[in-house]
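One structure below.
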Amino acid sequence: MLRLTEVQIDRIVLKRRGIALSGIVLWAIFFAVPQGWKCGLFSGFMLLSLALYGFCFRRWRTEPGLWMLGCLLAVLMGPCWIFFEYMCLRGLFEKPLVNPVGQPINWRHLRNYVDAVFALFLIAITVKFAYSVMIENWKRTRTIKPEQGPDSRTFF
């Protein structure tokens, strides 16, 4: 459940350009529309970061040592994901400190919430992607041994 399959990893790696283009389009929409309609800043950023990680992990099957980058990303982004999940869930169940008198939900509140939930979903995919690449790359490349030859004993 926490790990992605090889097909899902390959899908992210192969579609990294489309994912990056989607993030750029969301950012362009955010900066192009008037102040009251802005949406997509956080989700565009997370799409761009997922595309960047897809670019970094494009040779995840054969590149030895790429599991260390996956481990670093999972260790750095995992606590962020858990914290953002906690903040999102806490905001749903906690009573507000000040009770606004009958303020209806408007587009400003809805767009920020939708953008935050979509960005949270994307950071979850990014952490799963990094964790899955870490495990799969380590399994595949730990059995590769360097060729034994006369030059393999020299360090320089």
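Order determines the names: the first chain of the structure tokens is A, the second B, and so forth; residues in each chain are numbered 1 upward, and ligands are numbered 1 upward as they are shown.
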Compile the contact shell of A:Phe42 as a ChimeraX atom specification: residues with an atom at most 7 Å away, counting only C-alpha atoms, same-chain residues fewer than 5 positions apart removed. /A:115-116,119
Mind checking which residues fall within 9 Å of A:Phe55, counting only C-alpha atoms, ignoring those fewer than 6 positions away in the same chain, and posting them as a list in words? Val13, Leu14, Arg16 and Arg17 of chain A
Using only N, CA, C and O atoms, please write the residues we just selected to a file, as a JSON list (two decimals), in the first residue's frame.
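Output below, filename out.json:
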[["chain", "number", "residue", "atom", "x", "y", "z"],
["A", 13, "VAL", "N", 7.78, 8.03, -14.44],
["A", 13, "VAL", "CA", 9.03, 8.37, -15.13],
["A", 13, "VAL", "C", 8.76, 8.70, -16.59],
["A", 13, "VAL", "O", 9.31, 9.68, -17.13],
["A", 14, "LEU", "N", 7.91, 7.94, -17.25],
["A", 14, "LEU", "CA", 7.64, 8.18, -18.66],
["A", 14, "LEU", "C", 6.80, 9.43, -18.90],
["A", 14, "LEU", "O", 6.95, 10.09, -19.92],
["A", 16, "ARG", "N", 6.89, 12.21, -17.14],
["A", 16, "ARG", "CA", 7.45, 13.33, -16.39],
["A", 16, "ARG", "C", 7.34, 14.64, -17.13],
["A", 16, "ARG", "O", 7.12, 15.68, -16.51],
["A", 17, "ARG", "N", 7.44, 14.63, -18.45],
["A", 17, "ARG", "CA", 7.31, 15.87, -19.22],
["A", 17, "ARG", "C", 5.89, 16.41, -19.17],
["A", 17, "ARG", "O", 5.68, 17.62, -19.02]]
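Using only C-alpha atoms for every distance, the candidate list A:Trp60, A:Trp107, A:Phe45, A:Phe30 yields A:Trp60 as the residue closest to A:Met134.
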Do you know which residues are at most 12 Å from A:Phe129 counting only C-alpha atoms, after dropping those on the same chain fewer than 4 positions away, and could you put them as a count of residues only? 40
Atom-to-atom span, atom CA of A:Thr126 and atom CA of A:Gly23, Å: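 Separation between atom CA of A:Thr126 and atom CA of A:Gly23: 14.0 Å.
Interatomic distance, atom CA of A:Val33 to atom CA of A:Phe121: 24.1 Å.
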Minimum-distance residue to A:Leu26, chosen among A:Thr62, A:Thr141, A:Leu41, A:Phe93 (using only C-alpha atoms): A:Leu41
